[in-house]
>>> print(open('entry.cif').read())   # mmCIF, C-alpha atoms and all ligand atoms
data_structure
loop_
_atom_site.label_atom_id
_atom_site.label_comp_id
_atom_site.auth_asym_id
_atom_site.auth_seq_id
_atom_site.Cartn_x
_atom_site.Cartn_y
_atom_site.Cartn_z
CA MET A 943 -17.41 16.38 -12.26
CA ALA A 944 -14.70 14.88 -10.07
CA PRO A 945 -14.63 15.69 -6.35
CA ARG A 946 -11.97 18.21 -5.37
CA ASN A 947 -9.12 16.71 -3.39
CA ALA A 948 -5.46 17.23 -2.56
CA SER A 949 -4.15 15.28 -5.57
CA PRO A 950 -1.17 16.97 -7.27
CA VAL A 951 -2.85 15.96 -10.56
CA PRO A 952 -6.55 16.80 -10.03
CA HIS A 953 -7.55 15.99 -13.63
CA LEU A 954 -6.37 12.39 -13.19
CA THR A 955 -9.57 10.42 -12.60
CA SER A 956 -10.82 6.94 -13.40
CA LEU A 957 -11.78 8.17 -16.89
CA TYR A 958 -8.96 9.33 -19.14
CA HIS A 959 -9.54 10.89 -22.52
CA PHE A 960 -6.77 13.13 -23.79
CA GLU A 961 -6.59 13.04 -27.57
CA SER A 962 -3.13 14.58 -27.61
CA THR A 963 -0.04 12.41 -26.97
CA GLY A 964 1.68 15.37 -25.33
CA GLY A 965 4.36 15.07 -28.02
CA PHE A 966 5.89 12.00 -26.35
CA GLY A 967 6.78 8.79 -28.19
CA SER A 968 5.89 8.08 -31.80
CA ARG A 969 2.29 7.84 -32.99
CA SER A 970 3.44 5.76 -35.95
CA TYR A 971 4.82 3.03 -33.64
CA PRO A 972 2.29 0.16 -33.51
CA GLY A 973 0.51 0.20 -30.16
CA ASN A 974 1.91 3.60 -29.14
CA CYS A 975 0.06 4.90 -26.11
CA GLY A 976 0.75 8.64 -25.75
CA GLY A 977 2.57 10.05 -22.75
CA LEU A 978 0.12 12.19 -20.81
CA LEU A 979 -1.31 9.38 -18.71
CA ILE A 980 2.23 8.21 -17.88
CA ARG A 981 3.23 11.75 -16.92
CA ASP A 982 0.19 12.14 -14.66
CA LEU A 983 0.86 8.82 -12.92
CA LEU A 984 4.54 9.63 -12.35
CA LEU A 985 3.57 12.97 -10.82
CA TYR A 986 0.78 11.50 -8.72
CA PHE A 987 2.94 8.70 -7.30
CA LYS A 988 6.04 10.95 -7.04
CA ALA A 989 8.13 8.40 -8.93
CA ALA A 990 11.87 8.61 -8.27
CA ARG A 991 13.28 5.77 -10.45
CA VAL A 992 11.28 4.31 -13.30
CA LEU A 993 11.45 1.16 -15.43
CA ASP A 994 9.63 0.55 -18.72
CA PRO A 995 10.45 -3.06 -19.71
CA MET A 996 8.48 -2.93 -23.00
CA SER A 997 9.34 0.55 -24.16
CA GLY A 998 8.42 0.46 -27.87
CA SER A 999 8.94 3.96 -29.25
CA GLY A 1000 10.23 5.19 -25.89
CA THR A 1001 7.21 7.19 -24.72
CA CYS A 1002 7.77 6.57 -21.01
CA GLY A 1003 11.48 7.39 -21.27
CA GLN A 1004 10.71 10.71 -22.94
CA VAL A 1005 8.20 11.58 -20.22
CA CYS A 1006 10.79 10.73 -17.53
CA ARG A 1007 13.41 12.87 -19.25
CA SER A 1008 11.00 15.81 -19.40
CA LEU A 1009 10.36 15.46 -15.65
CA GLY A 1010 14.00 14.82 -14.74
CA ILE A 1011 13.24 11.34 -13.35
CA PRO A 1012 15.97 8.67 -13.71
CA PHE A 1013 14.72 5.73 -15.78
CA LYS A 1014 15.73 2.50 -17.49
CA SER A 1015 13.98 0.78 -20.34
CA GLY A 1016 14.17 -2.35 -22.44
CA ASP A 1017 12.34 -3.93 -25.36
CA ILE A 1018 12.60 -7.18 -27.26
CA HIS A 1019 13.69 -5.08 -30.26
CA ARG A 1020 16.84 -4.31 -28.26
CA GLY A 1021 17.29 -7.92 -27.08
CA PHE A 1022 15.72 -7.35 -23.62
CA ASP A 1023 13.26 -10.16 -22.85
CA ALA A 1024 10.95 -8.85 -20.13
CA THR A 1025 9.59 -12.35 -19.47
CA ASP A 1026 13.04 -13.62 -18.44
CA PRO A 1027 14.19 -12.71 -14.90
CA ALA A 1028 17.82 -12.97 -16.08
CA SER A 1029 17.35 -9.86 -18.28
CA TYR A 1030 16.71 -7.68 -15.23
CA ARG A 1031 20.11 -8.43 -13.65
CA TYR A 1032 21.79 -5.76 -15.74
CA LEU A 1033 19.38 -3.03 -14.65
CA ARG A 1034 21.04 -2.72 -11.23
CA GLY A 1035 18.95 -1.72 -8.25
CA ARG A 1036 15.27 -1.37 -7.60
CA PHE A 1037 12.59 0.87 -9.08
CA ASP A 1038 9.78 2.61 -7.26
CA PHE A 1039 7.64 2.78 -10.40
CA VAL A 1040 7.28 0.34 -13.30
CA TRP A 1041 5.24 1.30 -16.34
CA ALA A 1042 4.31 -1.41 -18.83
CA HIS A 1043 2.22 -1.53 -21.96
CA PRO A 1044 2.51 -5.14 -23.11
CA PRO A 1045 1.23 -6.68 -26.34
CA TYR A 1046 -2.42 -7.75 -26.31
CA TRP A 1047 -1.33 -11.23 -27.35
CA ARG A 1048 -1.47 -11.45 -31.20
CA GLN A 1049 -3.64 -8.39 -31.88
CA LYS A 1050 -0.44 -6.77 -33.24
CA ILE A 1051 2.82 -8.58 -33.97
CA TYR A 1052 5.83 -6.55 -32.90
CA ALA A 1053 9.14 -8.24 -33.64
CA ASP A 1054 10.70 -11.09 -35.61
CA ASP A 1055 12.25 -12.37 -32.38
CA PRO A 1056 10.40 -15.55 -31.29
CA ARG A 1057 10.57 -14.25 -27.68
CA ASP A 1058 8.23 -11.40 -28.68
CA LEU A 1059 5.19 -11.95 -26.44
CA SER A 1060 2.84 -11.21 -29.33
CA ARG A 1061 4.26 -14.25 -31.14
CA ALA A 1062 3.14 -16.73 -28.46
CA PRO A 1063 1.63 -19.58 -30.50
CA THR A 1064 -1.30 -20.29 -28.16
CA LEU A 1065 -3.26 -18.35 -25.55
CA ASP A 1066 -1.87 -20.63 -22.81
CA ALA A 1067 1.69 -19.96 -23.97
CA PHE A 1068 0.97 -16.23 -23.96
CA LEU A 1069 -0.54 -16.33 -20.47
CA ASP A 1070 2.37 -18.37 -19.06
CA ARG A 1071 4.89 -15.84 -20.35
CA TYR A 1072 2.72 -12.86 -19.42
CA ALA A 1073 2.60 -14.17 -15.84
CA ALA A 1074 6.40 -14.62 -15.91
CA PHE A 1075 6.78 -11.02 -17.10
CA ILE A 1076 4.62 -9.61 -14.29
CA SER A 1077 6.46 -11.65 -11.70
CA ALA A 1078 9.92 -10.65 -13.04
CA SER A 1079 9.03 -6.93 -13.11
CA ALA A 1080 7.45 -7.11 -9.65
CA ALA A 1081 10.71 -8.57 -8.33
CA VAL A 1082 12.67 -5.38 -9.16
CA LEU A 1083 10.04 -3.12 -7.60
CA SER A 1084 10.92 -1.65 -4.21
CA SER A 1085 8.56 -2.24 -1.27
CA GLY A 1086 5.79 0.33 -1.46
CA GLY A 1087 6.55 0.89 -5.17
CA HIS A 1088 3.91 0.99 -7.89
CA PHE A 1089 3.47 -1.04 -11.07
CA ALA A 1090 1.12 0.40 -13.73
CA ILE A 1091 0.03 -1.93 -16.52
CA LEU A 1092 -1.95 -0.68 -19.51
CA MET A 1093 -3.86 -3.58 -21.00
CA GLY A 1094 -7.02 -4.18 -23.03
CA ASP A 1095 -9.41 -7.07 -23.39
CA TYR A 1096 -9.12 -8.52 -26.83
CA THR A 1097 -11.36 -10.47 -29.19
CA ASP A 1098 -9.34 -13.05 -31.03
CA ARG A 1099 -10.54 -14.27 -34.40
CA GLN A 1100 -10.26 -17.94 -33.38
CA ILE A 1101 -10.65 -17.97 -29.60
CA GLY A 1102 -13.15 -15.17 -29.11
CA PHE A 1103 -13.14 -12.80 -26.15
CA VAL A 1104 -9.92 -12.90 -24.12
CA PRO A 1105 -10.25 -11.06 -20.78
CA LEU A 1106 -6.65 -9.89 -20.52
CA THR A 1107 -7.45 -7.34 -17.80
CA PHE A 1108 -8.78 -10.16 -15.60
CA HIS A 1109 -5.63 -12.21 -16.19
CA THR A 1110 -3.46 -9.17 -15.43
CA LYS A 1111 -4.99 -8.81 -11.97
CA ARG A 1112 -4.79 -12.53 -11.35
CA PHE A 1113 -1.07 -12.63 -12.18
CA ALA A 1114 -0.30 -9.41 -10.30
CA TYR A 1115 -1.85 -10.78 -7.11
CA HIS A 1116 -0.05 -14.07 -7.62
CA ALA A 1117 3.20 -12.07 -7.84
CA GLY A 1118 2.49 -10.56 -4.41
CA LEU A 1119 1.13 -7.21 -5.59
CA VAL A 1120 -2.14 -5.59 -4.52
CA SER A 1121 -4.36 -3.06 -6.28
CA ALA A 1122 -3.33 0.47 -5.31
CA CYS A 1123 -6.30 2.50 -6.52
CA THR A 1124 -9.14 2.61 -9.02
CA ASP A 1125 -8.61 1.26 -12.53
CA ILE A 1126 -8.22 4.02 -15.10
CA ILE A 1127 -10.33 3.60 -18.22
CA ARG A 1128 -8.39 5.15 -21.08
CA PHE A 1129 -10.53 6.05 -24.07
CA SER A 1130 -9.03 4.88 -27.38
CA HIS A 1131 -8.43 7.53 -29.99
CA GLY A 1132 -7.60 6.98 -33.65
CA ASN A 1133 -7.98 3.17 -33.71
CA SER A 1134 -7.58 1.86 -37.25
CA SER A 1135 -10.67 -0.35 -36.65
CA SER A 1136 -12.87 2.72 -35.95
CA SER A 1137 -13.17 3.57 -39.65
CA LYS A 1138 -13.91 -0.01 -40.80
CA VAL A 1139 -17.34 -1.50 -41.56
CA TYR A 1140 -17.96 -5.03 -40.22
CA GLN A 1141 -20.66 -7.51 -41.30
CA SER A 1142 -20.74 -9.16 -37.87
CA SER A 1143 -22.52 -7.85 -34.79
CA PHE A 1144 -20.48 -7.01 -31.67
CA ILE A 1145 -20.10 -4.45 -28.93
CA PRO A 1146 -17.05 -2.38 -29.87
CA GLY A 1147 -14.47 -1.98 -27.10
CA LEU A 1148 -13.28 1.62 -27.14
CA HIS A 1149 -10.95 1.66 -24.16
CA ASP A 1150 -7.90 0.18 -22.48
CA VAL A 1151 -7.55 -0.26 -18.73
CA CYS A 1152 -4.63 1.05 -16.74
CA MET A 1153 -4.32 -1.06 -13.57
CA ILE A 1154 -2.06 0.18 -10.81
CA PHE A 1155 -0.61 -2.25 -8.30
CA ARG A 1156 1.50 -1.72 -5.21
CA LYS A 1157 4.15 -3.94 -3.69
CA PRO A 1158 3.26 -4.17 -0.02
CA HIS A 1159 5.90 -3.52 2.62
CA LYS A 1160 7.19 -6.69 4.21
CA HIS A 1161 4.89 -7.80 7.02
CA ARG A 1162 6.11 -7.84 10.59
CA PRO A 1163 5.96 -11.34 12.14
CA PRO A 1164 2.31 -12.09 12.87
CA ASN A 1165 1.14 -11.36 16.40
CA THR A 1166 0.42 -14.82 17.74
CA ARG A 1167 -1.38 -13.59 20.90
CA PRO A 1168 -5.13 -13.69 20.33
CA HIS A 1169 -6.84 -10.33 20.74
CA ARG A 1170 -8.70 -10.09 24.08
CA SER A 1171 -10.85 -7.16 25.05
CA PRO A 1172 -9.54 -5.88 28.42
CA THR A 1173 -13.06 -5.22 29.65
CA HIS A 1174 -15.05 -8.16 28.31
CA GLY A 1175 -12.56 -10.98 28.34
CA ASP A 1176 -13.13 -13.90 26.01
CA ARG A 1177 -16.88 -13.81 25.45
CA THR A 1178 -17.05 -15.44 22.06
CA HIS A 1179 -19.09 -18.45 23.23
CA GLY A 1180 -22.57 -18.77 21.83
CA ARG A 1181 -21.75 -16.96 18.56
C1 LIG A 1201 2.14 -1.98 -26.95
S1 LIG A 1201 3.82 -1.91 -27.41
C2 LIG A 1201 4.48 -0.67 -26.35
C3 LIG A 1201 4.37 0.68 -26.99
C4 LIG A 1201 4.99 1.76 -26.15
N1 LIG A 1201 4.24 1.94 -24.91
C5 LIG A 1201 5.02 3.06 -26.91
O1 LIG A 1201 4.39 4.01 -26.47
O2 LIG A 1201 5.61 3.12 -27.98
C6 LIG A 1201 4.44 -3.41 -26.72
C7 LIG A 1201 5.95 -3.54 -26.80
O3 LIG A 1201 6.33 -4.76 -26.16
C8 LIG A 1201 7.50 -5.24 -26.81
N2 LIG A 1201 7.69 -6.65 -26.44
C9 LIG A 1201 7.04 -7.76 -26.88
N3 LIG A 1201 7.50 -8.87 -26.28
C10 LIG A 1201 8.47 -8.47 -25.44
C11 LIG A 1201 9.34 -9.15 -24.55
N4 LIG A 1201 9.30 -10.50 -24.40
N5 LIG A 1201 10.24 -8.42 -23.83
C12 LIG A 1201 10.32 -7.06 -23.98
N6 LIG A 1201 9.53 -6.36 -24.83
C13 LIG A 1201 8.61 -7.06 -25.54
C14 LIG A 1201 7.20 -4.98 -28.27
O4 LIG A 1201 8.38 -4.96 -29.05
C15 LIG A 1201 6.50 -3.61 -28.21
O5 LIG A 1201 7.43 -2.56 -28.39
#
>>> encode(input="entry.cif", output="C-alpha cells")
Amino acid sequence: MAPRNASPVPHLTSLYHFESTGGFGSRSYPGNCGGLLIRDLLLYFKAARVLDPMSGSGTCGQVCRSLGIPFKSGDIHRGFDATDPASYRYLRGRFDFVWAHPPYWRQKIYADDPRDLSRAPTLDAFLDRYAAFISASAAVLSSGGHFAILMGDYTDRQIGFVPLTFHTKRFAYHAGLVSACTDIIRFSHGNSSSSKVYQSSFIPGLHDVCMIFRKPHKHRPPNTRPHRSPTHGDRTHGR
C-alpha cells in the first residue's frame, strides 16, 4: 500500500510492474521498454518539451504524441551519436525532460555503426562514452529540468558483475545533476533469459532501475558574510 498524496499519478511508486506496454513502441525491438512508465513520469513532472536521445523503436516519442507534448529524438540507427555533444546542436533549444534507455554495454548489440555504445570494446571505453553521453544530454536540459535514465546492472561473461546503476549516478553527479526523487525499480517482464536453464549458480536480477535526476537552478553568488546569531553573537569557542 502506498501512502495517499497529491501526486497526479498516484500509482507511480518506487516499485513499477505493469506487464502491458500500453501499446507504445515495438515489443520486438531489442531492449524495448514499454511506454507506461515514461507516460507516468511525463505526467508527474509536467514535461513540456522532451528529448529521447536513444529512441530505439520510438516508445517515448509515441507517448509524447499521445499526450500532445513536443519532443525530439535521435538514435545511432539514424546517425545521431548521443555521446557526441556536436550531435545536439541541431536539436535547437533546451528540454525540460530527457528520457534515456541506453544499452547495458554489450548485453545486446544494437547497430553496425562503431559509435553504437553497445559496441564499446572494453568496459573502460564504454564507461568513458557513457559519461560523455550523460554530460552531453545534461547540457541541453533546462535549469530545474529532469533527466530520467533507465539502466540495469549487468553480469558480463568475462568481467563479471558490472554495477551500471552506480556508474550512472556517479556520472550524473559529475555532470552537475542531483537525484530528484526515489529510484524506481521496474520489474522485468518477458526476459528471454527467464525461460532458460543455467548450470551455474547466481542470483537472478529481475529488474531495471529508473533514476531521475534534476538540473539545479544556478546558484546565487555565495553569501560571504558568516552567519551570526543576533542574540548570542559568536559563541563558537570551546566546541
Ligand atoms: C535499450 S535500446 C532503447 C530502446 C527504446 N527505449 C525502445 O523502447 O525501443 C538502446 C538504444 O540506444 C541506441 N544507441 C546505442 N548507441 C548509441 C549512440 N552512441 N547514440 C545514440 N543512440 C545509441 C541503440 O541503437 C538502441 O536503439
>>> closest_atom_pairs(input="entry.cif", of="chain A", to="ligand LIG 1201 (chain A)", cutoff="7 Å", atoms="all atoms listed in the file", output="CSV")
residue,atom,partner,partner_atom,distance
A:Gly967,CA,A:LIG1201,O1,5.6
A:Ser968,CA,A:LIG1201,O2,6.3
A:Tyr971,CA,A:LIG1201,O2,5.7
A:Pro972,CA,A:LIG1201,S1,6.6
A:Gly973,CA,A:LIG1201,C1,4.2
A:Asn974,CA,A:LIG1201,O1,3.7
A:Cys975,CA,A:LIG1201,O1,4.4
A:Gly976,CA,A:LIG1201,O1,5.9
A:Pro995,CA,A:LIG1201,C12,5.9
A:Met996,CA,A:LIG1201,N6,4.0
A:Ser997,CA,A:LIG1201,C4,4.9
A:Gly998,CA,A:LIG1201,O5,3.2
A:Ser999,CA,A:LIG1201,O2,3.7
A:Gly1000,CA,A:LIG1201,O2,5.5
A:Thr1001,CA,A:LIG1201,O1,4.6
A:Cys1002,CA,A:LIG1201,O1,6.9
A:Gly1016,CA,A:LIG1201,C12,6.3
A:Asp1017,CA,A:LIG1201,N6,3.8
A:Ile1018,CA,A:LIG1201,C12,4.0
A:His1019,CA,A:LIG1201,O4,5.4
A:Phe1022,CA,A:LIG1201,C12,5.4
A:Asp1023,CA,A:LIG1201,N5,3.6
A:Ala1024,CA,A:LIG1201,N5,3.8
A:Thr1025,CA,A:LIG1201,N4,5.3
A:Ala1042,CA,A:LIG1201,N1,6.9
A:His1043,CA,A:LIG1201,N1,5.0
A:Pro1044,CA,A:LIG1201,C6,4.4
A:Pro1045,CA,A:LIG1201,C6,4.6
A:Tyr1052,CA,A:LIG1201,O4,4.9
A:Ala1053,CA,A:LIG1201,O4,5.7
A:Arg1057,CA,A:LIG1201,N4,5.1
A:Asp1058,CA,A:LIG1201,N3,3.6
A:Leu1059,CA,A:LIG1201,N3,3.9
A:Ser1060,CA,A:LIG1201,C9,6.0
>>> atom_distance(input="entry.cif", atom1="CA of Pro1027 (chain A)", atom2="CA of Ala989 (chain A)")
22.8 Å
>>> atom_distance(input="entry.cif", atom1="CA of Thr955 (chain A)", atom2="CA of His1131 (chain A)")
17.7 Å
>>> closest_residue(input="entry.cif", among="A:Ala1028, A:Leu978, A:Met1153, A:Leu1069", to="Lys1111 (chain A)", atoms="only C-alpha atoms")
A:Met1153
>>> closest_atom_pairs(input="entry.cif", of="region 1023-1079 of chain A", to="region 1090-1099 of chain A", cutoff="12 Å", atoms="all atoms listed in the file", output="Markdown table")
| residue | atom | partner | partner_atom | distance |
| --- | --- | --- | --- | --- |
| A:Asp1038 | CA | A:Ala1090 | CA | 11.0 |
| A:Phe1039 | CA | A:Ala1090 | CA | 7.7 |
| A:Val1040 | CA | A:Ala1090 | CA | 6.2 |
| A:Trp1041 | CA | A:Ala1090 | CA | 5.0 |
| A:Ala1042 | CA | A:Ile1091 | CA | 4.9 |
| A:His1043 | CA | A:Leu1092 | CA | 4.9 |
| A:Pro1044 | CA | A:Met1093 | CA | 6.9 |
| A:Pro1045 | CA | A:Met1093 | CA | 8.0 |
| A:Tyr1046 | CA | A:Gly1094 | CA | 6.7 |
| A:Trp1047 | CA | A:Tyr1096 | CA | 8.3 |
| A:Arg1048 | CA | A:Asp1098 | CA | 8.0 |
| A:Gln1049 | CA | A:Asp1098 | CA | 7.4 |
| A:Lys1050 | CA | A:Tyr1096 | CA | 10.9 |
| A:Thr1064 | CA | A:Asp1098 | CA | 11.2 |
| A:Leu1065 | CA | A:Asp1098 | CA | 9.8 |
| A:Tyr1072 | CA | A:Met1093 | CA | 11.5 |
| A:Phe1075 | CA | A:Ile1091 | CA | 11.3 |
| A:Ile1076 | CA | A:Ile1091 | CA | 9.2 |
| A:Ser1079 | CA | A:Ala1090 | CA | 10.8 |
>>> write_last_selection(input="entry.cif", atoms="C-alpha atoms", output="mmCIF file, in the coordinates of the input")
data_model
loop_
_atom_site.group_PDB
_atom_site.id
_atom_site.type_symbol
_atom_site.label_atom_id
_atom_site.label_comp_id
_atom_site.auth_asym_id
_atom_site.auth_seq_id
_atom_site.Cartn_x
_atom_site.Cartn_y
_atom_site.Cartn_z
ATOM 1 C CA ASP A 1038 9.780 2.610 -7.260
ATOM 2 C CA PHE A 1039 7.640 2.780 -10.400
ATOM 3 C CA VAL A 1040 7.280 0.340 -13.300
ATOM 4 C CA TRP A 1041 5.240 1.300 -16.340
ATOM 5 C CA ALA A 1042 4.310 -1.410 -18.830
ATOM 6 C CA HIS A 1043 2.220 -1.530 -21.960
ATOM 7 C CA PRO A 1044 2.510 -5.140 -23.110
ATOM 8 C CA PRO A 1045 1.230 -6.680 -26.340
ATOM 9 C CA TYR A 1046 -2.420 -7.750 -26.310
ATOM 10 C CA TRP A 1047 -1.330 -11.230 -27.350
ATOM 11 C CA ARG A 1048 -1.470 -11.450 -31.200
ATOM 12 C CA GLN A 1049 -3.640 -8.390 -31.880
ATOM 13 C CA LYS A 1050 -0.440 -6.770 -33.240
ATOM 14 C CA THR A 1064 -1.300 -20.290 -28.160
ATOM 15 C CA LEU A 1065 -3.260 -18.350 -25.550
ATOM 16 C CA TYR A 1072 2.720 -12.860 -19.420
ATOM 17 C CA PHE A 1075 6.780 -11.020 -17.100
ATOM 18 C CA ILE A 1076 4.620 -9.610 -14.290
ATOM 19 C CA SER A 1079 9.030 -6.930 -13.110
#
>>> atom_distance(input="entry.cif", atom1="CA of Tyr958 (chain A)", atom2="CA of Phe1103 (chain A)")
23.6 Å
>>> residues_around(input="entry.cif", residues="Arg991 (chain A)", least_positions_apart="3", cutoff="6 Å", atoms="all atoms listed in the file", output="list in words")
Pro1012, Phe1013, Phe1037 and Asp1038 of chain A
>>> axis_aligned_box(input="entry.cif", around="region 979-990 of chain A", padding_each_side="4 Å", output="AutoDock Vina command-line options")
--center_x 5.3 --center_y 10.6 --center_z -12.9 --size_x 21.2 --size_y 12.8 --size_z 19.7
>>> closest_residue(input="entry.cif", among="A:Ser1142, A:Phe987, A:Ser1077, A:Val992", to="Ala1122 (chain A)", atoms="all atoms listed in the file")
A:Phe987
>>> closest_residue(input="entry.cif", among="A:His1159, A:Arg1061, A:Arg1071, A:Arg1007", to="Phe966 (chain A)", atoms="all atoms listed in the file")
A:Arg1007
